[in-house]
$ cat data-v1.txt   # compact mmCIF, C-alpha atoms
# COMPACT_ATOMS: atom_id res chain seq x y z
CA MET A 21 166.87 119.28 92.67
CA ARG A 22 168.25 120.20 96.05
CA LEU A 23 166.36 119.25 99.20
CA VAL A 24 166.16 122.07 101.70
CA THR A 25 165.93 121.00 105.32
CA THR A 26 164.96 123.16 108.22
CA ARG A 27 165.67 122.28 111.79
CA LEU A 28 163.05 123.03 114.38
CA THR A 29 163.48 123.19 118.08
CA ARG A 30 161.16 121.06 120.20
CA ALA A 31 159.35 124.20 121.28
CA GLN A 32 158.80 125.27 117.66
CA ALA A 33 157.56 121.82 116.65
CA ARG A 34 155.24 121.74 119.67
CA ARG A 35 153.84 125.17 118.78
CA ILE A 36 153.24 124.15 115.15
CA ALA A 37 151.38 121.01 116.29
CA ILE A 38 149.24 122.95 118.78
CA VAL A 39 148.30 125.59 116.21
CA ALA A 40 147.64 123.00 113.48
CA GLN A 41 145.16 121.19 115.73
CA GLY A 42 143.30 124.37 116.62
CA PHE A 43 144.27 124.59 120.26
CA ALA A 44 145.62 128.15 119.85
CA ASP A 45 142.41 129.58 118.34
CA PRO A 46 140.49 131.98 120.56
CA ARG A 47 137.63 130.31 122.42
CA PRO A 48 134.09 131.65 122.44
CA ALA A 49 132.54 132.66 125.74
CA PRO A 50 131.26 129.61 127.69
CA GLY A 51 128.07 128.30 126.09
CA GLU A 52 128.33 130.75 123.15
CA ALA A 53 129.88 128.46 120.51
CA THR A 54 128.07 128.59 117.17
CA MET A 55 127.57 125.96 114.49
CA ARG A 56 130.12 127.87 112.40
CA GLN A 57 132.75 127.38 115.13
CA VAL A 58 131.81 123.70 115.45
CA HIS A 59 132.32 123.32 111.69
CA ARG A 60 135.68 125.04 111.86
CA VAL A 61 136.82 122.41 114.38
CA ILE A 62 135.36 119.58 112.27
CA ASP A 63 137.11 120.92 109.15
CA ARG A 64 140.37 121.03 111.05
CA VAL A 65 140.30 117.63 112.80
CA CYS A 66 138.42 115.81 109.98
CA ILE A 67 137.31 112.91 112.16
CA ILE A 68 135.74 112.58 115.58
CA GLN A 69 135.80 109.19 117.24
CA ILE A 70 132.53 108.01 118.76
CA ASP A 71 132.66 106.16 122.06
CA SER A 72 129.59 105.37 124.10
CA VAL A 73 131.58 104.91 127.30
CA ASN A 74 130.92 108.06 129.25
CA VAL A 75 133.05 108.57 132.31
CA VAL A 76 133.06 112.35 131.92
CA THR A 77 131.04 112.65 128.72
CA ARG A 78 130.87 110.76 125.44
CA SER A 79 134.19 111.10 123.67
CA GLN A 80 132.83 112.71 120.51
CA TYR A 81 132.05 115.84 122.52
CA LEU A 82 135.59 116.23 123.88
CA PRO A 83 137.51 117.43 120.77
CA LEU A 84 135.12 120.35 120.43
CA PHE A 85 135.23 121.11 124.16
CA SER A 86 139.03 121.10 124.13
CA ARG A 87 139.00 123.69 121.34
CA LEU A 88 135.84 125.72 122.08
CA GLY A 89 135.43 125.36 125.82
CA PRO A 90 131.92 124.79 127.19
CA TYR A 91 129.53 124.57 124.24
CA ASP A 92 126.05 123.28 123.51
CA THR A 93 126.61 119.60 122.56
CA ALA A 94 123.31 119.74 120.65
CA LEU A 95 125.28 121.56 117.92
CA LEU A 96 127.33 118.42 117.26
CA ASP A 97 124.22 116.24 117.47
CA ARG A 98 122.48 118.50 114.95
CA ALA A 99 125.47 118.34 112.58
CA ARG A 100 125.15 114.54 112.71
CA ASP A 101 121.36 114.07 112.83
CA VAL A 102 119.68 116.88 110.91
CA ALA A 103 119.73 117.26 107.12
CA PRO A 104 121.73 118.47 105.46
CA ARG A 105 124.10 116.39 107.56
CA ARG A 106 127.51 117.87 108.07
CA LEU A 107 128.79 114.66 109.69
CA VAL A 108 128.07 111.01 109.00
CA GLU A 109 128.95 107.91 110.95
CA TYR A 110 131.62 105.64 109.48
CA TRP A 111 133.88 102.92 110.76
CA ALA A 112 137.13 104.72 109.95
CA HIS A 113 139.26 102.68 112.37
CA GLU A 114 136.79 103.14 115.19
CA ALA A 115 133.22 104.32 115.00
CA SER A 116 133.64 107.92 113.95
CA LEU A 117 131.93 111.03 112.69
CA ILE A 118 133.32 112.32 109.41
CA PRO A 119 132.32 115.04 106.94
CA PRO A 120 130.32 113.54 104.03
CA GLN A 121 132.99 114.62 101.53
CA THR A 122 135.49 112.39 103.37
CA TRP A 123 133.23 109.35 102.73
CA ALA A 124 134.40 109.13 99.10
CA LEU A 125 138.03 109.10 100.21
CA LEU A 126 137.34 105.90 102.15
CA ASN A 127 135.77 104.09 99.18
CA PHE A 128 138.84 101.84 98.89
CA ARG A 129 138.03 100.47 102.38
CA MET A 130 134.42 99.82 101.45
CA LYS A 131 135.49 97.92 98.33
CA ARG A 132 138.02 95.91 100.33
CA ALA A 133 135.32 95.03 102.88
CA LEU A 134 133.28 93.30 100.15
CA SER A 135 135.85 90.52 100.02
CA ASP A 136 137.70 91.04 103.25
CA SER A 137 135.08 92.08 105.77
CA TRP A 138 135.23 91.31 109.44
CA GLY A 139 134.36 87.76 110.42
CA GLY A 140 131.61 89.02 112.72
CA MET A 141 129.84 90.79 109.87
CA GLN A 142 129.99 87.72 107.68
CA ARG A 143 128.78 85.55 110.56
CA VAL A 144 125.79 87.83 111.18
CA ALA A 145 124.90 87.66 107.48
CA ARG A 146 125.06 83.84 107.60
CA GLU A 147 123.37 83.30 110.96
CA HIS A 148 120.84 86.15 110.87
CA PRO A 149 119.89 86.82 107.25
CA GLU A 150 116.55 88.19 108.47
CA LEU A 151 118.42 91.00 110.26
CA VAL A 152 120.32 91.86 107.09
CA ARG A 153 117.04 91.88 105.13
CA ALA A 154 115.39 94.09 107.78
CA VAL A 155 118.26 96.59 107.71
CA PHE A 156 118.24 96.64 103.93
CA ALA A 157 114.45 97.12 103.82
CA GLU A 158 114.62 99.96 106.36
CA VAL A 159 117.34 101.83 104.48
CA THR A 160 115.63 101.21 101.14
CA SER A 161 112.33 102.60 102.38
CA ARG A 162 113.62 105.51 104.51
CA GLY A 163 116.95 106.42 102.92
CA PRO A 164 120.13 107.14 104.85
CA LEU A 165 119.80 106.65 108.61
CA THR A 166 122.07 107.05 111.57
CA SER A 167 122.81 103.87 113.50
CA ARG A 168 120.64 105.21 116.34
CA GLN A 169 117.66 105.75 113.97
CA LEU A 170 118.12 102.29 112.44
CA GLU A 171 118.33 100.58 115.82
CA SER A 172 115.17 102.36 116.97
CA ALA A 173 113.29 101.41 113.79
CA LEU A 174 114.33 97.76 114.07
CA GLU A 175 113.34 97.60 117.76
CA HIS A 176 109.89 99.04 117.06
CA GLY A 177 109.28 96.81 114.07
CA SER A 178 110.60 93.61 115.63
CA THR A 179 108.39 91.04 117.28
CA SER A 180 111.28 88.95 118.54
CA ARG A 181 113.64 90.30 121.16
CA PRO A 182 117.11 89.00 121.96
CA THR A 183 117.30 86.73 124.95
CA ALA A 184 118.81 88.04 128.17
CA GLY A 185 122.51 88.75 127.73
CA GLN A 186 122.32 88.36 123.95
CA THR A 187 122.55 91.11 121.36
CA ARG A 188 120.74 91.25 118.04
CA CYS A 189 123.91 89.90 116.44
CA GLY A 190 123.87 86.75 118.53
CA ARG A 191 126.89 87.59 120.64
CA ARG A 192 126.85 87.38 124.41
$ encode --input "data-v1.txt" --output "C-alpha cells"
Amino acid sequence: MRLVTTRLTRAQARRIAIVAQGFADPRPAPGEATMRQVHRVIDRVCIIQIDSVNVVTRSQYLPLFSRLGPYDTALLDRARDVAPRRLVEYWAHEASLIPPQTWALLNFRMKRALSDSWGGMQRVAREHPELVRAVFAEVTSRGPLTSRQLESALEHGSTSRPTAGQTRCGRR
C-alpha cells in the first residue's frame, strides 16, 4: 500500500480549519438564529465548555455567538434545560455541555473514576456522607437533573447552611 501525501500551504490549512469549525457558514440576521442553527453549531463543535466567570458573558454562549452572531441565548439554555435535552452537563476536561449521544463515548472515564476519582470527590464522600445521600435521594426521586436544579433542590430542602466562607463541600 502506498501512502499518498498532499502538501498544503498555510493559507489552505487555515481555510480548512476555519471551514471545519463553522466560521465560514453564513450567519443569520442579528437575533434571528433558530434552534436548528444552534444545533448545527453543537453538532459541529461537539462540546461547549461551561465557565461561570462572566467578563463579557458566560463562556458557553461564545462559541455560538462566534458562529451565529447575536442570538437569543435562551436557545442554548433551552437545549440544556428542557426535555428532550439536546445537551447535558459533563466533566469532559472542564465542566462542559455535550450532546447526550456523546455521553456513552465517555463511559471509559466514568468507569475509571470509580477507582481513580478526584481526591476532592472522595473526601466529600468521606466527610459529608449526608450530602451524597441527599444528592442520591434527589436524583432517585426526580430523575436526571442539571447541576443548577440539584443545587436549588438541596438548598430548599436543607436546614443547615454552610458557614461564612465555606461551601457545601467543606472547602474554603
$ closest_residue --input "data-v1.txt" --among "A:Leu96, A:Arg35, A:Ser135, A:Leu23" --to "Arg56 (chain A)" --atoms "all atoms listed in the file"
A:Leu96
$ atom_distance --input "data-v1.txt" --atom1 "CA of Glu52 (chain A)" --atom2 "CA of Arg64 (chain A)"
19.6 Å
$ residues_near_point --input "data-v1.txt" --point "(128.4, 102.5, 108.7)" --cutoff "10 Å" --atoms "all atoms listed in the file" --output "MDAnalysis selection string"
chainID A and resid 108:112 115:116 130 165:167
$ residues_around --input "data-v1.txt" --residues "Pro119 (chain A)" --least-positions-apart "5" --cutoff "12 Å" --atoms "all atoms listed in the file" --output "PyMOL selection string"
chain A and resi 59-68+96+99-100+104-110+112+124-126
$ closest_residue --input "data-v1.txt" --among "A:Thr160, A:Val155, A:Pro48, A:Thr77" --to "Ser172 (chain A)" --atoms "all atoms listed in the file"
A:Val155
$ residues_near_point --input "data-v1.txt" --point "(126.6, 118.1, 121.8)" --cutoff "10 Å" --atoms "all atoms listed in the file" --output "list of chain:residue names"
A:Val58, A:Thr77, A:Arg78, A:Gln80, A:Tyr81, A:Leu82, A:Leu84, A:Phe85, A:Tyr91, A:Asp92, A:Thr93, A:Ala94, A:Leu95, A:Leu96, A:Asp97, A:Arg98, A:Ala99, A:Arg100
$ atom_distance --input "data-v1.txt" --atom1 "CA of Val152 (chain A)" --atom2 "CA of Lys131 (chain A)"
18.5 Å
$ atom_distance --input "data-v1.txt" --atom1 "CA of His148 (chain A)" --atom2 "CA of Gln169 (chain A)"
20.1 Å
$ closest_residue --input "data-v1.txt" --among "A:Ser79, A:Gln32, A:Ser86, A:Thr122" --to "Arg47 (chain A)" --atoms "all atoms listed in the file"
A:Ser86
